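*Asks:* What follows is input.csv, CSV, C-alpha atoms.
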```csv
chain,number,residue,atom,x,y,z
A,1,MET,CA,3.0,10.9,9.0
A,2,LEU,CA,1.2,11.1,5.6
A,3,ARG,CA,-1.2,13.9,5.1
A,4,PHE,CA,-3.4,15.1,2.2
A,5,ALA,CA,-4.7,18.7,2.6
A,6,ARG,CA,-7.6,19.6,0.2
A,7,VAL,CA,-5.9,17.7,-2.7
A,8,ASN,CA,-7.2,18.0,-6.2
A,9,ALA,CA,-5.4,15.7,-8.6
A,10,GLY,CA,-5.8,13.7,-11.8
A,11,TYR,CA,-4.3,12.8,-15.1
A,12,GLY,CA,-3.8,15.4,-17.9
A,13,SER,CA,-7.0,17.5,-18.0
A,14,ALA,CA,-9.1,14.9,-16.1
A,15,GLN,CA,-9.6,15.6,-12.5
A,16,VAL,CA,-10.1,12.5,-10.3
A,17,LEU,CA,-9.6,13.7,-6.7
A,18,PHE,CA,-11.6,16.6,-5.3
A,19,GLU,CA,-10.6,18.5,-2.1
A,20,LEU,CA,-9.4,15.3,-0.5
A,21,ASP,CA,-8.2,15.3,3.1
A,22,LEU,CA,-6.7,12.3,4.8
A,23,ALA,CA,-4.0,11.3,7.3
A,24,VAL,CA,-2.1,8.2,8.2
A,25,GLU,CA,0.0,8.1,11.4
A,26,LYS,CA,3.0,6.0,12.2
A,27,GLY,CA,2.1,2.4,12.7
A,28,GLU,CA,-1.5,3.0,11.7
A,29,ALA,CA,-3.4,1.2,8.9
A,30,VAL,CA,-6.0,3.3,7.0
A,31,ALA,CA,-8.2,1.7,4.3
A,32,LEU,CA,-9.6,3.6,1.3
A,33,ILE,CA,-13.0,1.9,0.7
A,34,GLY,CA,-15.0,2.5,-2.5
A,35,ARG,CA,-16.1,1.1,-5.8
A,36,ASN,CA,-14.0,0.9,-9.0
A,37,GLY,CA,-13.4,4.5,-10.2
A,38,ALA,CA,-13.9,6.0,-6.8
A,39,GLY,CA,-10.3,7.4,-6.7
A,40,LYS,CA,-8.6,4.8,-4.5
A,41,THR,CA,-5.7,4.0,-6.8
A,42,THR,CA,-5.3,7.7,-7.8
A,43,THR,CA,-5.0,8.6,-4.1
A,44,LEU,CA,-2.0,6.1,-3.8
A,45,LYS,CA,-0.4,7.4,-7.0
A,46,THR,CA,-0.8,10.9,-5.8
A,47,ALA,CA,1.0,10.1,-2.6
A,48,ILE,CA,4.0,8.7,-4.6
A,49,GLY,CA,4.0,11.5,-7.1
A,50,LEU,CA,2.4,9.9,-10.2
A,51,THR,CA,-0.5,12.3,-10.8
A,52,ARG,CA,-0.9,16.0,-11.5
A,53,LEU,CA,-1.9,18.1,-8.6
A,54,THR,CA,-4.0,21.2,-9.3
A,55,GLY,CA,-4.6,22.1,-5.7
A,56,GLY,CA,-3.8,21.3,-2.1
A,57,ARG,CA,-0.6,19.7,-0.8
A,58,VAL,CA,0.8,16.3,0.3
A,59,GLU,CA,3.0,16.1,3.3
A,60,PHE,CA,5.2,13.2,4.6
A,61,ASP,CA,6.5,13.5,8.1
A,62,GLY,CA,5.8,17.2,8.1
A,63,ARG,CA,7.7,17.8,4.8
A,64,ASP,CA,5.8,19.1,1.8
A,65,ILE,CA,6.4,16.5,-1.0
A,66,THR,CA,4.0,18.1,-3.5
A,67,GLY,CA,5.6,18.0,-6.9
A,68,LEU,CA,8.6,15.9,-5.9
A,69,ALA,CA,9.8,13.2,-8.3
A,70,THR,CA,8.6,9.7,-7.5
A,71,HIS,CA,12.1,8.4,-6.8
A,72,ARG,CA,12.7,11.2,-4.3
A,73,ILE,CA,9.5,10.5,-2.5
A,74,ALA,CA,10.4,6.8,-2.4
A,75,SER,CA,13.8,7.7,-0.9
A,76,LEU,CA,12.0,9.3,2.0
A,77,GLY,CA,10.5,6.0,3.0
A,78,LEU,CA,7.2,5.6,1.0
A,79,GLY,CA,6.9,2.1,-0.4
A,80,TRP,CA,4.4,1.5,-3.2
A,81,VAL,CA,2.9,-1.9,-3.9
A,82,PRO,CA,0.9,-1.6,-7.1
A,83,GLU,CA,-2.1,-3.7,-8.0
A,84,ASP,CA,-0.4,-5.5,-10.9
A,85,ARG,CA,2.3,-7.1,-8.9
A,86,ARG,CA,5.3,-5.8,-10.7
A,87,VAL,CA,7.8,-8.6,-10.0
A,88,PHE,CA,11.0,-9.1,-12.1
A,89,ALA,CA,9.7,-12.2,-13.9
A,90,ARG,CA,13.1,-13.7,-15.0
A,91,LEU,CA,14.7,-13.1,-11.7
A,92,SER,CA,14.4,-15.6,-8.8
A,93,VAL,CA,12.6,-14.8,-5.6
A,94,TRP,CA,15.9,-14.2,-3.8
A,95,GLU,CA,17.1,-11.9,-6.7
A,96,ASN,CA,13.8,-9.9,-6.5
A,97,LEU,CA,14.4,-9.4,-2.8
A,98,ASP,CA,18.0,-8.3,-3.4
A,99,VAL,CA,16.9,-5.8,-6.0
A,100,GLY,CA,14.9,-4.0,-3.3
A,101,ARG,CA,17.7,-3.9,-0.8
A,102,ARG,CA,18.4,-0.5,0.7
A,103,PRO,CA,20.4,0.5,3.8
A,104,PRO,CA,18.6,0.7,7.1
A,105,ARG,CA,16.9,3.9,8.2
A,106,PRO,CA,17.4,5.2,11.8
A,107,ASP,CA,13.6,6.1,11.9
A,108,ALA,CA,12.2,2.9,10.5
A,109,PRO,CA,12.2,-0.9,11.2
A,110,GLU,CA,15.1,-2.7,9.6
A,111,TRP,CA,14.2,-5.4,7.1
A,112,ASP,CA,16.5,-8.0,5.6
A,113,GLU,CA,15.9,-11.4,4.0
A,114,ALA,CA,15.6,-13.2,7.3
A,115,ARG,CA,13.0,-10.8,8.6
A,116,VAL,CA,10.8,-10.6,5.5
A,117,LEU,CA,10.9,-14.4,5.2
A,118,ASP,CA,9.7,-14.7,8.8
A,119,VAL,CA,6.8,-12.5,7.7
A,120,PHE,CA,6.2,-14.5,4.5
A,121,PRO,CA,7.4,-18.0,5.4
A,122,HIS,CA,5.8,-19.5,2.3
A,123,LEU,CA,8.6,-17.8,0.2
A,124,LYS,CA,11.4,-19.7,2.0
A,125,SER,CA,11.0,-22.8,-0.2
A,126,LEU,CA,10.7,-20.7,-3.4
A,127,LEU,CA,13.9,-18.6,-3.2
A,128,ASP,CA,15.5,-20.2,-6.3
A,129,ARG,CA,12.2,-20.1,-8.3
A,130,PRO,CA,11.8,-17.5,-11.1
A,131,ALA,CA,9.1,-15.0,-10.2
A,132,ALA,CA,7.3,-15.8,-13.4
A,133,HIS,CA,6.5,-19.3,-12.1
A,134,LEU,CA,4.9,-18.1,-8.9
A,135,SER,CA,1.1,-18.1,-8.3
A,136,GLY,CA,-0.7,-14.7,-8.1
A,137,GLY,CA,-0.7,-14.9,-4.4
A,138,GLU,CA,2.9,-15.8,-4.2
A,139,GLN,CA,3.8,-12.8,-6.5
A,140,GLN,CA,1.8,-10.5,-4.2
A,141,MET,CA,3.7,-11.7,-1.2
A,142,LEU,CA,7.0,-11.3,-3.1
A,143,THR,CA,6.1,-7.7,-4.1
A,144,VAL,CA,5.3,-6.7,-0.6
A,145,ALA,CA,8.5,-8.5,0.7
A,146,ARG,CA,10.6,-6.7,-1.9
A,147,THR,CA,9.1,-3.4,-0.9
A,148,LEU,CA,9.9,-4.0,2.7
A,149,MET,CA,13.6,-4.5,1.7
A,150,THR,CA,13.6,-0.8,0.7
A,151,GLN,CA,13.1,0.0,4.4
A,152,PRO,CA,9.8,1.9,4.1
A,153,ARG,CA,8.2,3.9,6.9
A,154,LEU,CA,4.8,3.7,5.2
A,155,LEU,CA,3.4,1.2,2.7
A,156,LEU,CA,1.0,2.1,-0.1
A,157,LEU,CA,-1.0,-1.1,-0.9
A,158,ASP,CA,-3.2,-1.1,-4.0
A,159,GLU,CA,-5.9,-3.9,-3.9
A,160,PRO,CA,-3.6,-6.5,-2.4
A,161,SER,CA,-6.3,-9.1,-2.1
A,162,GLU,CA,-7.5,-8.8,-5.7
A,163,GLY,CA,-7.5,-12.1,-7.6
A,164,ILE,CA,-5.9,-14.3,-5.0
A,165,ALA,CA,-7.2,-17.4,-3.2
A,166,PRO,CA,-9.1,-16.9,0.1
A,167,LYS,CA,-6.5,-18.8,2.1
A,168,VAL,CA,-3.7,-16.7,0.7
A,169,VAL,CA,-5.8,-13.6,1.5
A,170,GLU,CA,-5.9,-14.7,5.1
A,171,ASP,CA,-2.2,-15.3,5.2
A,172,LEU,CA,-1.5,-11.9,3.6
A,173,ALA,CA,-3.7,-10.1,6.1
A,174,GLU,CA,-1.9,-11.8,9.0
A,175,ALA,CA,1.5,-10.9,7.5
A,176,LEU,CA,0.6,-7.3,7.0
A,177,ALA,CA,-0.7,-7.1,10.5
A,178,GLY,CA,2.8,-8.1,11.6
A,179,VAL,CA,4.3,-5.3,9.4
A,180,LYS,CA,2.0,-2.8,11.0
A,181,ALA,CA,2.9,-4.0,14.5
A,182,ALA,CA,6.6,-3.4,13.6
A,183,GLY,CA,5.8,0.3,13.2
A,184,VAL,CA,5.2,0.6,9.5
A,185,GLY,CA,2.2,2.8,8.5
A,186,ILE,CA,-0.2,1.4,5.8
A,187,LEU,CA,-2.5,3.2,3.4
A,188,LEU,CA,-4.6,0.5,1.8
A,189,SER,CA,-6.8,0.6,-1.3
A,190,GLU,CA,-9.4,-2.2,-1.1
A,191,GLN,CA,-12.8,-3.3,-2.3
A,192,ASN,CA,-12.8,-6.4,-0.1
A,193,TRP,CA,-14.0,-4.8,3.1
A,194,ARG,CA,-13.5,-8.0,5.1
A,195,PHE,CA,-9.8,-8.0,4.2
A,196,ALA,CA,-9.6,-4.3,5.1
A,197,ALA,CA,-11.4,-4.9,8.4
A,198,ALA,CA,-8.8,-7.5,9.4
A,199,LEU,CA,-6.0,-4.9,9.0
A,200,ALA,CA,-7.2,-1.3,9.1
A,201,ASP,CA,-7.6,0.9,12.2
A,202,ARG,CA,-9.6,3.5,10.3
A,203,ALA,CA,-11.3,3.8,6.9
A,204,VAL,CA,-11.9,6.7,4.5
A,205,LEU,CA,-15.0,6.1,2.3
A,206,LEU,CA,-14.5,7.4,-1.3
A,207,GLU,CA,-17.1,8.2,-3.9
A,208,GLY,CA,-16.3,10.1,-7.1
A,209,GLY,CA,-12.9,11.2,-5.9
A,210,ARG,CA,-14.3,12.7,-2.7
A,211,ALA,CA,-14.2,11.6,0.9
A,212,VAL,CA,-17.8,11.0,1.9
A,213,GLY,CA,-17.1,9.5,5.3
A,214,GLU,CA,-14.5,8.4,7.8
A,215,GLY,CA,-14.3,6.4,11.0
A,216,ALA,CA,-12.9,3.6,13.0
A,217,MET,CA,-12.9,0.4,10.9
A,218,ALA,CA,-14.5,-1.6,13.7
A,219,GLU,CA,-17.4,0.8,14.0
A,220,LEU,CA,-18.0,1.0,10.2
A,221,THR,CA,-18.0,-2.7,10.0
A,222,ALA,CA,-20.4,-3.1,12.8
A,223,GLU,CA,-22.7,-0.5,11.3
A,224,GLY,CA,-22.5,-2.1,7.8
A,225,SER,CA,-24.9,0.2,6.0
A,226,ARG,CA,-22.4,2.9,5.2
A,227,LEU,CA,-19.9,0.4,3.8
A,228,ALA,CA,-22.7,-1.3,1.8
A,229,ALA,CA,-23.8,2.0,0.3
A,230,VAL,CA,-20.3,3.0,-0.7
A,231,LEU,CA,-19.5,-0.4,-2.3
A,232,GLY,CA,-22.9,-0.7,-3.9
A,233,LEU,CA,-23.8,-4.0,-2.0
```
Just dump the structure as structure tokens.
*Replies:*
Amino acid sequence: MLRFARVNAGYGSAQVLFELDLAVEKGEAVALIGRNGAGKTTTLKTAIGLTRLTGGRVEFDGRDITGLATHRIASLGLGWVPEDRRVFARLSVWENLDVGRRPPRPDAPEWDEARVLDVFPHLKSLLDRPAAHLSGGEQQMLTVARTLMTQPRLLLLDEPSEGIAPKVVEDLAEALAGVKAAGVGILLSEQNWRFAAALADRAVLLEGGRAVGEGAMAELTAEGSRLAAVLGL
């Protein structure tokens, strides 16, 4: 579904990604594992058109999206959940969901308020609350739920477990597993390998903007040493 082919990308004159190859198939979750500065966020931003490519190509469902504007890429069914939880602070939870509302796609699961609230039941009691008054974990849930309202075929998740309580991390992993089971692909940037292991089918190990390894998440978790080396544990 989403493919990077020998992608070089960065910001201005600074190159961050080097000859990066990766793929995410429909209904598959792939984790990008690496330390801060490894290129995880840049990979997600490259997928959604927010970096400068100097080589290679990015494809979505067989279509070359290299150089397309971000809003056009999003309209094809890529949903981006940034690390900084960009909720509309003055709007209620319900209004945030309504902002994301888009018509159903024939080639993607259909999401409405009822379905996203089934995935994130904790939000049901908060529909009238301004987003600014939510906890960090609640804002993360809301950001994912609002993105689902755009009817994505693939989600780009940037450090979703960062800065939220362990119990909320568990709930979020369970909710995202349900999203994946519905047929939505996931490309996940994450330092918390335990969270990634609960969700991802495969992992790509990044160092210095280069893929230095790849494999089934279960096998990498069982082996342990490669994850530890990449994360500096």
*Asks:* Quick one: of A:Gly209, A:Pro130, A:Gly55, A:Gly136, who's nearest to Leu32 (chain A), counting all atoms listed in the file?
*Replies:* A:Gly209
*Asks:* Fewer than 4 positions away in the same chain doesn't count, so skip those; otherwise give me all residues within 10 Å of region 66-73 of chain A, counting only C-alpha atoms, as a PyMOL selection string.
*Replies:* chain A and resi 4+7+45-53+55-60+77-79
*Asks:* I need the residue nearest Glu110 (chain A) from this list: A:Gly34, A:Pro160, A:Gly27, A:Gly183. Use all atoms listed in the file for the distance.
*Replies:*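 Distance minimum relative to Glu110 (chain A) lands on A:Gly183.
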*Asks:* Of the candidates A:Lys180, A:Lys167, A:Arg85, A:Arg153, which one gets nearest to Asp107 (chain A) if we count only C-alpha atoms?
*Replies:*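 Comparing A:Lys180, A:Lys167, A:Arg85, A:Arg153 against Asp107 (chain A), the winner is A:Arg153.
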*Asks:* Considering all atoms listed in the file, return as a PyMOL selection string whatever protein or nucleic-acid residues lie within 8 Å of Val116 (chain A), sequence-local ones (same chain, fewer than 4 positions apart) excluded.
*Replies:* chain A and resi 111-112+120+145+148-149
*Asks:* At what distance in Å, to one decimal, does CA of Asn192 (chain A) lie from CA of Gln151 (chain A)?
*Replies:*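 Value for the CA of Gln151 (chain A)-CA of Asn192 (chain A) distance: 27.1 Å.
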*Asks:* Tell me, as a ChimeraX atom specification, which residues lie within 9 Å of Val168 (chain A), counting all atoms listed in the file; anything in the same chain fewer than 4 positions away does not count.
*Replies:* /A:137-138,161,164,172-173
*Asks:* Find the residue from A:Val16, A:Ser189, A:Leu97, A:Gly10 that sits nearest to Thr41 (chain A); use only C-alpha atoms when measuring.
*Replies:* A:Ser189
*Asks:* Please measure the separation of CA of Lys124 (chain A) and CA of Met141 (chain A), giving the value in Å to one decimal.
*Replies:*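 One can read the CA of Lys124 (chain A) to CA of Met141 (chain A) distance as 11.6 Å.
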*Asks:* Considering only C-alpha atoms, return as a compact mmCIF listing (two decimals) with C-alpha atoms, keeping the file's coordinate frame whatever protein or nucleic-acid residues lie within 10 Å of Arg226 (chain A), sequence-local ones (same chain, fewer than 6 positions apart) excluded.
*Replies:*
```txt
# COMPACT_ATOMS: atom_id res chain seq x y z
CA LEU A 205 -15.00 6.10 2.30
CA VAL A 212 -17.80 11.00 1.90
CA GLY A 213 -17.10 9.50 5.30
CA GLU A 214 -14.50 8.40 7.80
CA LEU A 220 -18.00 1.00 10.20
CA GLY A 232 -22.90 -0.70 -3.90
```
